[in-house]
Amino acid sequence: MELKELIQQKLKEKFPETEFEFSEFRDELSVKLNKKNILAVCMFLKEDSDLEFVLCEDITAVDWASRKNRFTVAYHIFSIKNKFRLVVKADVDENDCNIDSVTSVWKTSNWQERECYDMYGIKFNHHPDMRRIYMPEEFEYYPLRKDFPLMGIPGSLPLPKK
Amino acid sequence: MGLEAKLNSDGFFVTKIESIINWARKNSVYPMPMGISCCAIEMMASADPKYDIARFGSEVMRFTPRQCDLMIVAGTVTYKMSHVVRKIYEQMPDPKWVIAMGACTSTGGMYRSYSVVQGIDQFLPVDVYVAGCPPRPDNLLNALMQIQDKIGKTRPKDFQNIKLPELNVIQNN
């Protein structure tokens, strides 16, 4: 069986009550799921002996600006054993702007989730160190959101006295 | 200066203290290499044998601000970095000069964005701006020669009104 079908079959068997939305773009498989299940699914994808998605390449988000579920968090994970890349996606609403952290699955996700929090303001529950990573601690805005102006908000970042 | 000829014929020469101090000062400018990004590569190239900044007496790149009198800010200065640059500048002894090297440092360059300071003259007194992205080493040497001209024209009274900077302690976590 091809790996793409195997992944779909395995996920449906393991999580029968969860809704998965599979899609394919340029030979890359992505799976969309409810944010409640993100931790369990990620753990399964890593631990399963046929899949072994041991490498978390990137965690980022998409800001859809006016959509109901404003953000999509995307996890790009890679299986070294199968040489296969998978994108896991979960929608997050602005009013309930948090999602479970996957630091217990992949340790690299620590800084990637901090970056995602810094740029989009999505909180990762149970993250060991949920602080900003690039911008100063006292900065109040989230620069990669669509409503943030390109040149920033004047006076929000202090300069030294001349 | 024709120094050898003068000393060989008379054995002494007459000049002003001011001139001899300026002459010594401008031919031994110690740069502080504030290399923040890619311009730093060109700054290093200006010290290599091909361009040879030592011809102008400035080969002594000091990595401590306390021994420097010229700060070459080479690279993109972000708002977060600006505090560090200013802190290092304040540690340099007077008199001191600043070269803003490259487009990013002078104006923000191609980084027209929320995180990059649009020109370091917003928080540092810049003496010479160097154009280019990155500038060629000869362009930096030209800036150094302009600094030397400027040093040659200084007078002691230029430094009489210098105020010590306010102690500006930044807490780093």
# chains A, B, ... in the order shown; residues from 1 in each chain; ligands from 1
>>> interface_residues(of="chain B", to="chain A", cutoff="8 Å", atoms="only C-alpha atoms", output="PDB file with C-alpha atoms, in the first residue's frame")
ATOM      1  CA  TYR B  79      15.363  48.192  17.426  1.00  0.00           C
ATOM      2  CA  LYS B  80      16.459  45.451  19.778  1.00  0.00           C
ATOM      3  CA  SER B  82      20.045  49.660  18.881  1.00  0.00           C
ATOM      4  CA  HIS B  83      20.337  49.646  22.668  1.00  0.00           C
ATOM      5  CA  ARG B  86      24.376  52.822  21.872  1.00  0.00           C
ATOM      6  CA  ARG B 112      11.484  48.979   5.253  1.00  0.00           C
ATOM      7  CA  SER B 113       9.909  47.157   8.140  1.00  0.00           C
ATOM      8  CA  TYR B 114       8.724  47.458  11.730  1.00  0.00           C
ATOM      9  CA  SER B 115      11.792  45.842  13.278  1.00  0.00           C
ATOM     10  CA  GLN B 122      18.067  58.462  15.106  1.00  0.00           C
ATOM     11  CA  PHE B 123      20.147  57.473  18.114  1.00  0.00           C
ATOM     12  CA  LEU B 124      23.828  58.059  17.208  1.00  0.00           C
ATOM     13  CA  PRO B 125      25.686  61.156  15.957  1.00  0.00           C
TER      14      PRO B 125
END
>>> residues_around(residues="Arg145 of chain A", least_positions_apart="6", cutoff="10 Å", atoms="only C-alpha atoms", output="list of chain:residue names")
A:Ala61, A:Val62, A:Asp63, A:Trp64, A:Ala65, A:Phe71, A:Met119, A:Tyr120, A:Gly121
>>> write_last_selection(atoms="N, CA and C atoms", output="mmCIF file, in the first residue's frame")
data_model
loop_
_atom_site.group_PDB
_atom_site.id
_atom_site.type_symbol
_atom_site.label_atom_id
_atom_site.label_comp_id
_atom_site.auth_asym_id
_atom_site.auth_seq_id
_atom_site.Cartn_x
_atom_site.Cartn_y
_atom_site.Cartn_z
ATOM 1 N N ALA A 61 1.900 29.618 11.332
ATOM 2 C CA ALA A 61 0.468 29.873 11.300
ATOM 3 C C ALA A 61 0.125 30.694 10.063
ATOM 4 N N VAL A 62 -1.139 30.673 9.707
ATOM 5 C CA VAL A 62 -1.649 31.483 8.608
ATOM 6 C C VAL A 62 -2.742 32.365 9.185
ATOM 7 N N ASP A 63 -2.701 33.643 8.850
ATOM 8 C CA ASP A 63 -3.739 34.566 9.292
ATOM 9 C C ASP A 63 -4.688 34.808 8.122
ATOM 10 N N TRP A 64 -5.938 34.361 8.256
ATOM 11 C CA TRP A 64 -6.902 34.532 7.169
ATOM 12 C C TRP A 64 -7.690 35.834 7.306
ATOM 13 N N ALA A 65 -7.317 36.661 8.263
ATOM 14 C CA ALA A 65 -7.892 37.994 8.475
ATOM 15 C C ALA A 65 -9.388 37.969 8.762
ATOM 16 N N PHE A 71 -7.146 31.816 12.403
ATOM 17 C CA PHE A 71 -5.793 31.292 12.171
ATOM 18 C C PHE A 71 -5.818 29.813 11.826
ATOM 19 N N MET A 119 4.740 36.046 16.775
ATOM 20 C CA MET A 119 4.314 36.679 15.528
ATOM 21 C C MET A 119 2.784 36.722 15.385
ATOM 22 N N TYR A 120 2.062 35.751 15.936
ATOM 23 C CA TYR A 120 0.613 35.684 15.715
ATOM 24 C C TYR A 120 -0.204 35.799 17.008
ATOM 25 N N GLY A 121 0.446 35.640 18.150
ATOM 26 C CA GLY A 121 -0.303 35.725 19.399
ATOM 27 C C GLY A 121 -1.118 34.500 19.717
#
>>> residues_around(residues="segment 12-20 of chain A", least_positions_apart="3", cutoff="12 Å", atoms="only C-alpha atoms", output="PyMOL selection string")
chain A and resi 5-9+23+30-38+40-45+48+88-90
>>> select_by_dssp(residues="segment 2-161 of chain A", states="alpha helix (DSSP H)", output="MDAnalysis selection string")
chainID A and resid 3:14 38:47 109:120
>>> write_last_selection(atoms="C-alpha atoms", output="compact mmCIF listing (two decimals), in the first residue's frame")
# COMPACT_ATOMS: atom_id res chain seq x y z
CA LEU A 3 2.22 5.50 2.27
CA LYS A 4 -0.36 8.22 1.71
CA GLU A 5 -3.17 5.69 1.90
CA LEU A 6 -1.55 3.98 4.84
CA ILE A 7 -1.47 7.22 6.82
CA GLN A 8 -5.12 7.92 6.09
CA GLN A 9 -6.15 4.40 7.02
CA LYS A 10 -4.10 4.32 10.20
CA LEU A 11 -5.43 7.67 11.41
CA LYS A 12 -9.03 6.66 10.77
CA GLU A 13 -8.53 3.37 12.62
CA LYS A 14 -6.78 4.92 15.58
CA ILE A 38 -3.60 17.80 17.90
CA LEU A 39 -1.47 16.41 20.72
CA ALA A 40 -2.79 12.83 20.51
CA VAL A 41 -2.50 12.71 16.71
CA CYS A 42 1.01 14.14 16.71
CA MET A 43 2.08 11.66 19.37
CA PHE A 44 0.63 8.82 17.30
CA LEU A 45 2.31 9.99 14.08
CA LYS A 46 5.64 10.03 15.83
CA GLU A 47 5.35 6.82 17.85
CA SER A 109 8.83 22.65 18.75
CA ASN A 110 9.68 24.71 21.84
CA TRP A 111 11.22 27.62 19.93
CA GLN A 112 8.98 27.17 16.90
CA GLU A 113 5.91 27.59 19.06
CA ARG A 114 7.47 30.59 20.77
CA GLU A 115 8.04 32.15 17.37
CA CYS A 116 4.46 31.43 16.39
CA TYR A 117 3.27 33.04 19.62
CA ASP A 118 5.53 36.05 19.07
CA MET A 119 4.31 36.68 15.53
CA TYR A 120 0.61 35.68 15.72
>>> atom_distance(atom1="atom CA of Leu86 of chain A", atom2="atom CA of Asp58 of chain A")
11.0 Å
>>> select_by_dssp(residues="segment 84-144 of chain A", states="strand (DSSP E or B)", output="list in words")
Phe84, Arg85, Leu86, Val87, Val88, Lys89, Ala90, Asp91, Val92, Asn98, Ile99, Asp100, Lys123, Phe124 and Asn125 of chain A
